[in-house]
Structure formats: structure tokens, C-alpha cells
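So this one's input.cif, mmCIF, C-alpha atoms:
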data_work
loop_
_atom_site.label_atom_id
_atom_site.label_comp_id
_atom_site.auth_asym_id
_atom_site.auth_seq_id
_atom_site.Cartn_x
_atom_site.Cartn_y
_atom_site.Cartn_z
CA MET A 1 106.52 90.03 139.02
CA PRO A 2 104.24 92.69 140.51
CA SER A 3 104.34 92.99 144.29
CA PRO A 4 101.23 92.27 146.39
CA LEU A 5 100.96 96.01 147.07
CA ALA A 6 101.07 96.79 143.35
CA ASP A 7 98.35 94.21 142.74
CA GLU A 8 96.20 95.71 145.49
CA LEU A 9 96.63 99.23 144.11
CA ALA A 10 95.82 98.15 140.54
CA ARG A 11 92.66 96.34 141.69
CA ALA A 12 91.51 99.33 143.75
CA VAL A 13 91.98 101.86 140.94
CA LEU A 14 91.56 99.85 137.73
CA GLY A 15 89.42 96.85 138.62
CA GLU A 16 90.03 93.09 138.63
CA PRO A 17 92.74 92.03 136.14
CA VAL A 18 91.28 89.00 134.37
CA TYR A 19 92.47 89.20 130.74
CA THR A 20 95.72 88.48 128.94
CA SER A 21 96.72 90.49 125.87
CA LEU A 22 95.15 87.95 123.52
CA GLU A 23 91.98 87.71 125.58
CA VAL A 24 91.41 91.46 125.88
CA ALA A 25 91.89 91.90 122.13
CA ALA A 26 89.47 89.07 121.35
CA ALA A 27 86.87 90.37 123.81
CA ALA A 28 87.02 93.83 122.18
CA GLY A 29 86.92 92.48 118.65
CA VAL A 30 90.29 93.86 117.56
CA SER A 31 93.54 92.22 116.51
CA LEU A 32 96.38 91.77 118.97
CA ASP A 33 98.50 94.18 116.90
CA GLU A 34 95.77 96.85 117.09
CA ALA A 35 95.47 96.41 120.85
CA ARG A 36 99.22 96.67 121.27
CA ARG A 37 99.39 99.84 119.16
CA MET A 38 96.76 101.47 121.37
CA TRP A 39 98.59 100.33 124.51
CA ARG A 40 101.90 101.77 123.26
CA ALA A 41 100.21 105.01 122.20
CA MET A 42 98.95 105.44 125.76
CA GLY A 43 102.58 105.34 126.89
CA PHE A 44 102.57 101.99 128.67
CA PRO A 45 105.39 99.38 128.54
CA PRO A 46 104.96 96.00 126.82
CA VAL A 47 103.08 93.25 128.64
CA ALA A 48 103.90 89.53 128.38
CA GLU A 49 101.23 87.57 126.47
CA ASP A 50 100.43 85.31 129.42
CA GLU A 51 100.26 88.11 132.02
CA ARG A 52 96.75 88.88 133.30
CA VAL A 53 96.80 92.64 133.76
CA PHE A 54 93.81 93.78 131.71
CA THR A 55 90.39 94.57 133.10
CA ALA A 56 86.84 95.11 131.91
CA ALA A 57 87.74 98.78 131.48
CA ASP A 58 90.41 97.81 128.93
CA VAL A 59 87.84 95.82 126.96
CA ALA A 60 85.41 98.76 127.04
CA THR A 61 88.09 101.22 125.88
CA LEU A 62 89.23 99.04 122.96
CA THR A 63 85.62 98.36 121.99
CA ALA A 64 84.86 102.09 121.96
CA ALA A 65 87.97 102.77 119.88
CA ARG A 66 86.96 100.11 117.37
CA ALA A 67 83.47 101.63 117.13
CA LEU A 68 84.88 105.11 116.44
CA VAL A 69 86.83 103.75 113.49
CA ALA A 70 83.96 101.54 112.25
CA ARG A 71 81.52 104.47 112.26
CA HIS A 72 84.10 106.63 110.42
CA VAL A 73 84.15 109.12 113.32
CA THR A 74 87.92 109.09 113.11
CA ALA A 75 90.62 107.37 111.08
CA PRO A 76 92.87 104.77 112.77
CA GLU A 77 96.00 106.93 112.48
CA VAL A 78 94.16 109.97 113.90
CA LEU A 79 92.88 107.87 116.78
CA LEU A 80 96.45 106.84 117.61
CA GLN A 81 97.57 110.49 117.51
CA LEU A 82 94.80 111.47 119.92
CA THR A 83 95.71 108.55 122.15
CA ARG A 84 99.35 109.62 122.29
CA VAL A 85 98.44 113.19 123.19
CA THR A 86 95.98 111.99 125.84
CA GLY A 87 98.52 109.60 127.32
CA GLN A 88 101.18 112.31 127.56
CA ALA A 89 98.82 114.82 129.16
CA LEU A 90 97.29 112.43 131.67
CA SER A 91 100.68 111.00 132.60
CA ARG A 92 101.74 114.50 133.70
CA ILE A 93 98.52 114.94 135.64
CA ALA A 94 99.03 111.63 137.44
CA GLU A 95 102.63 112.52 138.33
CA ALA A 96 101.51 115.90 139.68
CA GLN A 97 98.76 114.29 141.77
CA VAL A 98 101.16 111.82 143.34
CA ALA A 99 103.77 114.52 144.03
CA ALA A 100 101.14 116.68 145.70
CA ARG A 101 99.68 114.09 148.07
CA LEU A 102 102.19 111.38 148.97
CA ASP A 103 103.94 111.77 152.33
CA GLY A 104 106.10 108.68 152.10
CA ALA A 105 103.31 106.19 152.87
CA LEU A 106 101.14 104.50 150.23
CA ASP A 107 97.48 104.43 151.20
CA VAL A 108 95.68 102.32 148.59
CA ALA A 109 92.22 103.35 149.73
CA ALA A 110 93.17 107.04 149.59
CA VAL A 111 94.56 106.71 146.05
CA ALA A 112 91.38 104.96 144.87
CA ALA A 113 89.22 107.63 146.53
CA GLN A 114 91.29 110.35 144.88
CA ALA A 115 90.80 108.73 141.46
CA ARG A 116 87.04 108.71 141.91
CA ALA A 117 87.00 112.32 143.13
CA VAL A 118 89.25 113.76 140.42
CA GLU A 119 87.75 111.96 137.42
CA PRO A 120 84.72 114.30 137.05
CA LEU A 121 87.06 117.32 137.20
CA LEU A 122 89.16 115.95 134.32
CA THR A 123 86.05 115.41 132.20
CA TYR A 124 84.78 118.92 132.94
CA VAL A 125 88.10 120.60 132.09
CA TRP A 126 88.43 118.58 128.88
CA ARG A 127 84.92 119.53 127.74
CA ARG A 128 85.62 123.23 128.35
CA HIS A 129 88.87 123.04 126.40
CA LEU A 130 87.11 121.12 123.62
CA VAL A 131 84.61 123.96 123.19
CA ALA A 132 87.38 126.58 123.13
CA ALA A 133 89.55 124.60 120.69
CA THR A 134 86.61 124.01 118.35
CA LEU A 135 85.76 127.71 118.27
CA ARG A 136 89.40 128.62 117.58
CA ALA A 137 89.53 126.13 114.71
CA ALA A 138 86.29 127.51 113.27
CA THR A 139 87.69 131.05 113.43
CA VAL A 140 90.84 130.00 111.58
CA ALA A 141 88.81 128.18 108.92
CA ALA A 142 86.64 131.27 108.36
CA ALA A 143 89.58 133.70 108.13
CA ASP A 144 90.33 135.06 104.67
CA GLY A 145 93.81 133.90 103.70
CA GLY A 146 94.44 132.19 107.01
CA ALA A 147 94.62 133.52 110.54
CA GLN A 148 97.67 135.22 112.01
CA ILE A 149 98.65 134.45 115.58
CA VAL A 150 101.21 135.81 118.02
CA VAL A 151 103.52 133.27 119.63
CA GLY A 152 105.45 134.17 122.75
CA PHE A 153 108.21 132.58 124.81
CA ALA A 154 109.02 133.80 128.32
CA ASP A 155 111.92 132.33 130.24
CA LEU A 156 113.72 132.81 133.52
CA VAL A 157 117.12 134.35 132.83
CA GLY A 158 120.16 132.41 134.05
CA PHE A 159 118.04 129.55 135.35
CA THR A 160 120.86 126.99 135.16
CA ALA A 161 123.08 129.00 137.50
CA PHE A 162 120.05 129.84 139.65
CA SER A 163 119.15 126.16 140.03
CA GLN A 164 122.70 125.16 141.04
CA ARG A 165 122.51 127.49 144.06
CA ARG A 166 119.15 126.15 145.29
CA ALA A 167 118.09 123.04 147.15
CA PRO A 168 115.64 120.82 145.22
CA ALA A 169 112.70 121.84 147.40
CA GLU A 170 113.46 125.54 146.93
CA LEU A 171 113.87 125.05 143.20
CA ALA A 172 110.50 123.30 143.00
CA VAL A 173 108.86 126.26 144.75
CA ALA A 174 110.43 128.69 142.26
CA VAL A 175 109.31 126.70 139.20
CA ASP A 176 105.83 126.29 140.65
CA ARG A 177 105.59 130.04 141.29
CA PHE A 178 106.68 130.85 137.73
CA GLU A 179 104.08 128.45 136.37
CA ALA A 180 101.40 129.98 138.61
CA LEU A 181 102.23 133.48 137.33
CA ALA A 182 102.07 132.26 133.74
CA TYR A 183 98.62 130.75 134.24
CA GLU A 184 97.50 133.87 136.10
CA HIS A 185 98.53 136.48 133.54
CA ILE A 186 98.26 134.71 130.16
CA PRO A 187 94.61 133.54 130.17
CA GLU A 188 93.52 136.71 131.99
CA ARG A 189 94.61 138.80 128.98
CA GLY A 190 93.18 136.58 126.27
CA GLY A 191 96.08 134.22 125.63
CA ARG A 192 96.52 130.52 126.19
CA VAL A 193 99.41 128.54 127.60
CA ILE A 194 100.70 126.08 125.00
CA LYS A 195 103.22 124.38 127.25
CA MET A 196 105.54 124.82 130.19
CA ILE A 197 109.15 123.75 129.60
CA GLY A 198 110.66 123.98 133.07
CA ASP A 199 111.97 127.54 133.21
CA GLU A 200 110.12 128.63 130.05
CA VAL A 201 106.50 129.08 129.00
CA MET A 202 105.22 129.11 125.44
CA PHE A 203 101.95 130.93 124.83
CA ALA A 204 99.77 132.06 121.95
CA VAL A 205 97.47 135.05 121.50
CA ASP A 206 95.21 136.11 118.65
CA ASP A 207 95.48 139.87 119.30
CA PRO A 208 98.89 141.61 118.95
CA ALA A 209 98.15 144.22 121.65
CA ALA A 210 97.05 141.49 124.08
CA ALA A 211 100.32 139.66 123.39
CA ALA A 212 102.31 142.76 124.32
CA ARG A 213 100.27 143.23 127.50
CA ILE A 214 100.84 139.61 128.49
CA ALA A 215 104.58 139.88 127.93
CA LEU A 216 104.89 143.10 129.92
CA ALA A 217 102.72 141.70 132.72
CA LEU A 218 104.93 138.61 133.01
CA VAL A 219 108.09 140.71 133.15
CA ASP A 220 106.57 142.95 135.81
CA ALA A 221 105.10 140.12 137.90
CA CYS A 222 108.29 138.07 137.95
CA GLY A 223 110.31 141.20 138.67
CA ARG A 224 108.30 141.65 141.86
CA GLU A 225 109.18 138.15 143.06
CA ALA A 226 112.24 138.23 145.29
CA HIS A 227 112.92 134.51 144.80
CA LEU A 228 112.66 134.41 141.00
CA PRO A 229 115.23 135.46 138.37
CA ALA A 230 114.31 138.16 135.88
CA VAL A 231 112.16 137.17 132.92
CA ARG A 232 112.61 138.01 129.24
CA VAL A 233 110.07 137.54 126.45
CA GLY A 234 110.22 137.04 122.69
CA LEU A 235 107.14 137.62 120.50
CA ALA A 236 106.53 136.91 116.82
CA SER A 237 103.45 137.19 114.63
CA GLY A 238 102.54 134.97 111.69
CA PRO A 239 101.04 131.67 110.55
CA VAL A 240 101.62 128.51 112.58
CA LEU A 241 100.98 124.80 112.25
CA ALA A 242 98.84 123.50 115.12
CA TRP A 243 99.58 119.83 115.73
CA GLN A 244 98.66 117.62 118.71
CA GLY A 245 98.23 120.55 121.05
CA ASP A 246 101.51 122.21 120.08
CA LEU A 247 102.50 124.89 117.55
CA TYR A 248 105.20 124.67 114.89
CA GLY A 249 106.67 126.70 112.04
CA PRO A 250 108.86 129.74 111.32
CA THR A 251 106.81 132.02 113.57
CA VAL A 252 107.45 129.74 116.54
CA ASN A 253 111.14 129.46 115.68
CA LEU A 254 111.52 133.23 115.47
CA ALA A 255 109.81 133.84 118.82
CA SER A 256 112.07 131.22 120.41
CA ARG A 257 115.20 132.89 119.00
CA LEU A 258 114.05 136.36 120.04
CA VAL A 259 113.67 135.34 123.69
CA ASP A 260 117.31 134.23 123.66
CA LEU A 261 118.27 137.62 122.19
CA ALA A 262 116.28 139.65 124.73
CA ARG A 263 117.98 141.21 127.74
CA PRO A 264 116.73 140.40 131.27
CA GLY A 265 113.46 142.16 132.03
CA THR A 266 112.76 143.12 128.41
CA VAL A 267 110.31 142.17 125.67
CA LEU A 268 111.40 141.76 122.05
CA ALA A 269 108.89 141.73 119.19
CA SER A 270 109.49 140.66 115.63
CA GLU A 271 109.55 143.26 112.85
CA GLU A 272 106.06 142.33 111.68
CA LEU A 273 104.59 142.44 115.16
CA GLY A 274 106.30 145.75 115.90
CA ALA A 275 104.63 147.25 112.85
CA GLN A 276 101.26 145.99 114.10
CA LEU A 277 101.85 147.60 117.50
CA ALA A 278 103.15 150.92 116.18
CA GLY A 279 101.10 153.97 117.04
CA ARG A 280 99.52 152.58 120.20
CA ASP A 281 99.24 155.13 123.00
CA ASP A 282 99.95 152.57 125.76
CA LEU A 283 103.16 151.14 124.29
CA SER A 284 106.64 152.48 123.57
CA LEU A 285 108.62 150.76 120.80
CA ARG A 286 112.30 151.11 119.96
CA ARG A 287 113.85 149.52 116.88
CA MET A 288 117.03 147.54 117.46
CA GLY A 289 119.94 147.27 115.11
CA GLY A 290 120.16 144.33 112.75
CA GLU A 291 120.83 140.90 114.26
CA ARG A 292 121.60 137.73 112.33
CA LEU A 293 119.88 134.66 113.76
CA LYS A 294 121.09 131.22 112.75
CA GLY A 295 118.65 129.50 110.44
CA ILE A 296 116.48 132.63 110.19
CA GLY A 297 118.62 135.40 108.79
CA ARG A 298 118.91 139.09 109.56
CA VAL A 299 116.19 140.59 111.75
CA ARG A 300 115.55 143.98 113.32
CA PRO A 301 113.32 143.37 116.33
CA TRP A 302 111.56 145.94 118.47
CA VAL A 303 111.99 146.49 122.20
CA VAL A 304 108.49 146.84 123.65
CA ARG A 305 107.85 148.80 126.83
CA GLU A 306 104.84 150.24 128.55
CA ARG A 307 104.41 153.93 127.84
CA ARG A 308 104.50 155.89 131.07
CA ALA A 309 102.18 158.85 131.54
#
As C-alpha cells, the full file:
Amino acid sequence: MPSPLADELARAVLGEPVYTSLEVAAAAGVSLDEARRMWRAMGFPPVAEDERVFTAADVATLTAARALVARHVTAPEVLLQLTRVTGQALSRIAEAQVAARLDGALDVAAVAAQARAVEPLLTYVWRRHLVAATLRAATVAAADGGAQIVVGFADLVGFTAFSQRRAPAELAVAVDRFEALAYEHIPERGGRVIKMIGDEVMFAVDDPAAAARIALALVDACGREAHLPAVRVGLASGPVLAWQGDLYGPTVNLASRLVDLARPGTVLASEELGAQLAGRDDLSLRRMGGERLKGIGRVRPWVVRERRA
């Protein structure tokens, strides 16, 4: 059973819980199975049928979802996909908010106030990203023969050994600093962060030269940080499958394998990307010997460096 404190927090943030599962589904005009599928897609655990945990906001959300399907704005399966992505993203945001503000004491009024203050920011950021994603999709659709993209992976070398020698608080500072550098240098040079995976960042760039500049900037920036390990980067150019905010396909796989092949403080580019970068005055490229990568085959990547005057 929920504790009195949990009840108080839920009421302050979510509203008065007055509905059971059956009641909230009936009020929204959907079946119980449909309501449960939405609930699971959001990432929440099952709720007993007689437990009153649902609020007017739950009714409004299910009603809006039903209307989207009824008006053919989106198909039911697509709606569930969007719900899963939204649940995953907002779960991370909520965890980050709690980690940033809690000092050991739970202040219900402060949490409720934070929810009201942050909600407009989330809407604003989402709208900005929606515009950018729509424009990217339109560009891909208009491209003759499909758009090519550069995928990059940058990771902290020897992070497992590094983490074993650090206290948890010190490790958190290092990971946070790496993430801050990624978000500083990738968007600034025309790329976008696809995801952070602890000690690794995956990014995508439309322009090959911009991808090289991002990779070199990350290597340089992390190399200047006394409390971070060296960084290495793998880059590959080609078609990708964009799905639920992530990227998939052979291009992604190759970039991921190249970062494992790269030496600390270096950038490796795939053969195709190296050919696209050849002849640039600001870059120096050196062809490596052949390497056989499991599941990919034999490759001859390029070491990319900044050309010094």
C-alpha cells in the first residue's frame, strides 16, 4: 500500500486520485486493454483493478489519445511507439531533476512547485526539436536517391579502469563533464547528439567536414581536461534508419566498430568518409592498413588530424 507521504506527493503533483482502472477507461471512452497498453507504454508498473490511483489528468490524456486515432491523425501502433519514446525520455528527465535537487529531505510543496515551473520549459524544448526534426525529415524526403549522413561515436578510453579508481561522486562529475563537452561541441558545429551511453556519445552530422571538426574538437577538449581519460572517435558515412529517436543500420555499426579500433586521442574515418574529406586544406588524412572487423569485413579506415600551418 502507498505510504501517506506517497499519497501526499501524488496529490500535489498529479491531482486527486479518484478513478480505478476500469473507471478511467470508461470515462475516457476506451477499453481497459487500450488503457493498459498506454499505461505500459509510458513505462509504469501494473495497477490493481480496485486501486484508485488515476486522476482527471489520466482521463484527459486517454481521451486525447482516442481522439488522435479517431481523427486518423496517427495509427494506434504509432501512438504506442510515440508513447514509449516519450516515457523513456521523460523518465530520464525526472530522474535527473530529482538527483539535482534532493538533499535527503522530501519537500512535497517544493516538488510540486518544481513541476509547475519546469513544465513550460519541457514544452518549449519539445516544440523546438519538433521543428528541427520536421525540417530534417523534409530534407531527406527531397534528396535524390536518399540522404547520406555521418554517424560518430566518441568514448572515454579505459573508462572501466578509470571508474574503479574513483569514488562515485568523482565519477559522476567526470561523466557530467564529458556530457557537457559533448553538448557544447556537437551542436555548435552543426551536429546533433543522438544519445549518451555513459562513457560514450553517439552523434550525427549532415556535412562530412563538420563531422571531422566535431570529432577533432571533442578529442582536443577532453585532452585538456585533467580529470578525464583520453577520447577516441569513430566516424562513418552512409544511409541510416531513423527510428524512435535513434539511428540504426550498417553505417552506425561501422562507426561503432571504428571507435573501438581507434587509438586514444585519435579520430578514425571510414573509407567512404575519408574519400569525401580528401583534398581539404584544414585536414590531414593517413590511410591505415587493412583491418578485418567482425560482422563487417575488411576495412581500411583513415586517421584524421587537423592540418597544422
(message) Excluding range 293-300 of chain A and its own-chain neighbours fewer than 4 positions away, which residues fall within 10 Å of it when counting all atoms listed in the file? Please give them as a VMD selection string.
(response) chain A and resid 250 253 to 254 257 to 258 261 268 to 272 274 287 to 289
(message) Assuming the chain letters and numbering stay as they are in my file, what does the PyMOL selection byres ((chain A and resi 276-284) around 8) actually select? List them as a PyMOL selection string.
(response) chain A and resi 208-209+272-275+285-286+304-308
May I have the residues from that selection written out with C-alpha atoms, as a PDB file, in the frame of the given file?
ATOM      1  CA  PRO A 208      98.890 141.610 118.950  1.00  0.00           C
ATOM      2  CA  ALA A 209      98.150 144.220 121.650  1.00  0.00           C
ATOM      3  CA  GLU A 272     106.060 142.330 111.680  1.00  0.00           C
ATOM      4  CA  LEU A 273     104.590 142.440 115.160  1.00  0.00           C
ATOM      5  CA  GLY A 274     106.300 145.750 115.900  1.00  0.00           C
ATOM      6  CA  ALA A 275     104.630 147.250 112.850  1.00  0.00           C
ATOM      7  CA  LEU A 285     108.620 150.760 120.800  1.00  0.00           C
ATOM      8  CA  ARG A 286     112.300 151.110 119.960  1.00  0.00           C
ATOM      9  CA  VAL A 304     108.490 146.840 123.650  1.00  0.00           C
ATOM     10  CA  ARG A 305     107.850 148.800 126.830  1.00  0.00           C
ATOM     11  CA  GLU A 306     104.840 150.240 128.550  1.00  0.00           C
ATOM     12  CA  ARG A 307     104.410 153.930 127.840  1.00  0.00           C
ATOM     13  CA  ARG A 308     104.500 155.890 131.070  1.00  0.00           C
TER      14      ARG A 308
END
(request) Report the residues retrieved by the PyMOL selection byres ((chain A and resi 57) around 10) from the displayed file, expressed as a ChimeraX atom specification. (result) /A:14-17,24,54-56,58-63
(request) Pick out the closest residue to Ala28 in chain A from this set: A:Ala115, A:Ala64, A:Leu122, A:Ala167. Count all atoms listed in the file. (result)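 For Ala28 in chain A, the nearest of the candidates is A:Ala64.
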(request) Take CA of Ala255 in chain A and CA of Ala230 in chain A and report the distance between them in Å, one decimal. (result)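 Distance reported for this atom pair: 18.2 Å.
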(message) Residues within 8 Å of range 175-186 of chain A, please, as a ChimeraX atom specification. Count all atoms listed in the file; anything in the same chain fewer than 4 positions from it doesn't count.
(response) /A:171,190-193,196,198-199,201,203,214,217-218,221-222,228
Please, could you write that set of residues out with C-alpha atoms as a CSV table (one decimal), in the frame of the given file?
chain,number,residue,atom,x,y,z
A,171,LEU,CA,113.9,125.0,143.2
A,190,GLY,CA,93.2,136.6,126.3
A,191,GLY,CA,96.1,134.2,125.6
A,192,ARG,CA,96.5,130.5,126.2
A,193,VAL,CA,99.4,128.5,127.6
A,196,MET,CA,105.5,124.8,130.2
A,198,GLY,CA,110.7,124.0,133.1
A,199,ASP,CA,112.0,127.5,133.2
A,201,VAL,CA,106.5,129.1,129.0
A,203,PHE,CA,102.0,130.9,124.8
A,214,ILE,CA,100.8,139.6,128.5
A,217,ALA,CA,102.7,141.7,132.7
A,218,LEU,CA,104.9,138.6,133.0
A,221,ALA,CA,105.1,140.1,137.9
A,222,CYS,CA,108.3,138.1,138.0
A,228,LEU,CA,112.7,134.4,141.0
(message) Taking (102.5, 95.6, 124.6) as a centre in this file's frame and 12 Å as the limit, can you find every polymer residue with an atom that close, using all atoms listed in the file, and give them as a list in words?
(response)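 Those residues lying close to the given coordinates are Thr20, Ser21, Leu22, Val24, Ala25, Leu32, Asp33, Glu34, Ala35, Arg36, Arg37, Met38, Trp39, Arg40, Ala41, Met42, Gly43, Phe44, Pro45, Pro46, Val47, Ala48, Glu49, Asp50, Glu51, Val53 and Phe54 of chain A.
We find CA of Thr86 in chain A and CA of Gly249 in chain A to be spaced 22.8 Å apart.
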(message) So, with only C-alpha atoms as the atoms that count, which of A:Leu247, A:Val233, A:Leu241, A:Val98 lies closest to Ala110 in chain A?
(response)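 Among the listed residues, the smallest separation from Ala110 in chain A belongs to A:Val98.
Going from CA of Arg66 in chain A to CA of Arg84 in chain A covers 16.4 Å.
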(request) Could you list the residues chosen by the PyMOL selection byres ((chain A and resi 151) around 8) in this structure as a list in words? (result) Ile149, Val150, Gly152, Phe153, Met202, Phe203, Ala204, Val205, Leu235, Ala236, Ser237, Thr251, Val252 and Ala255 of chain A
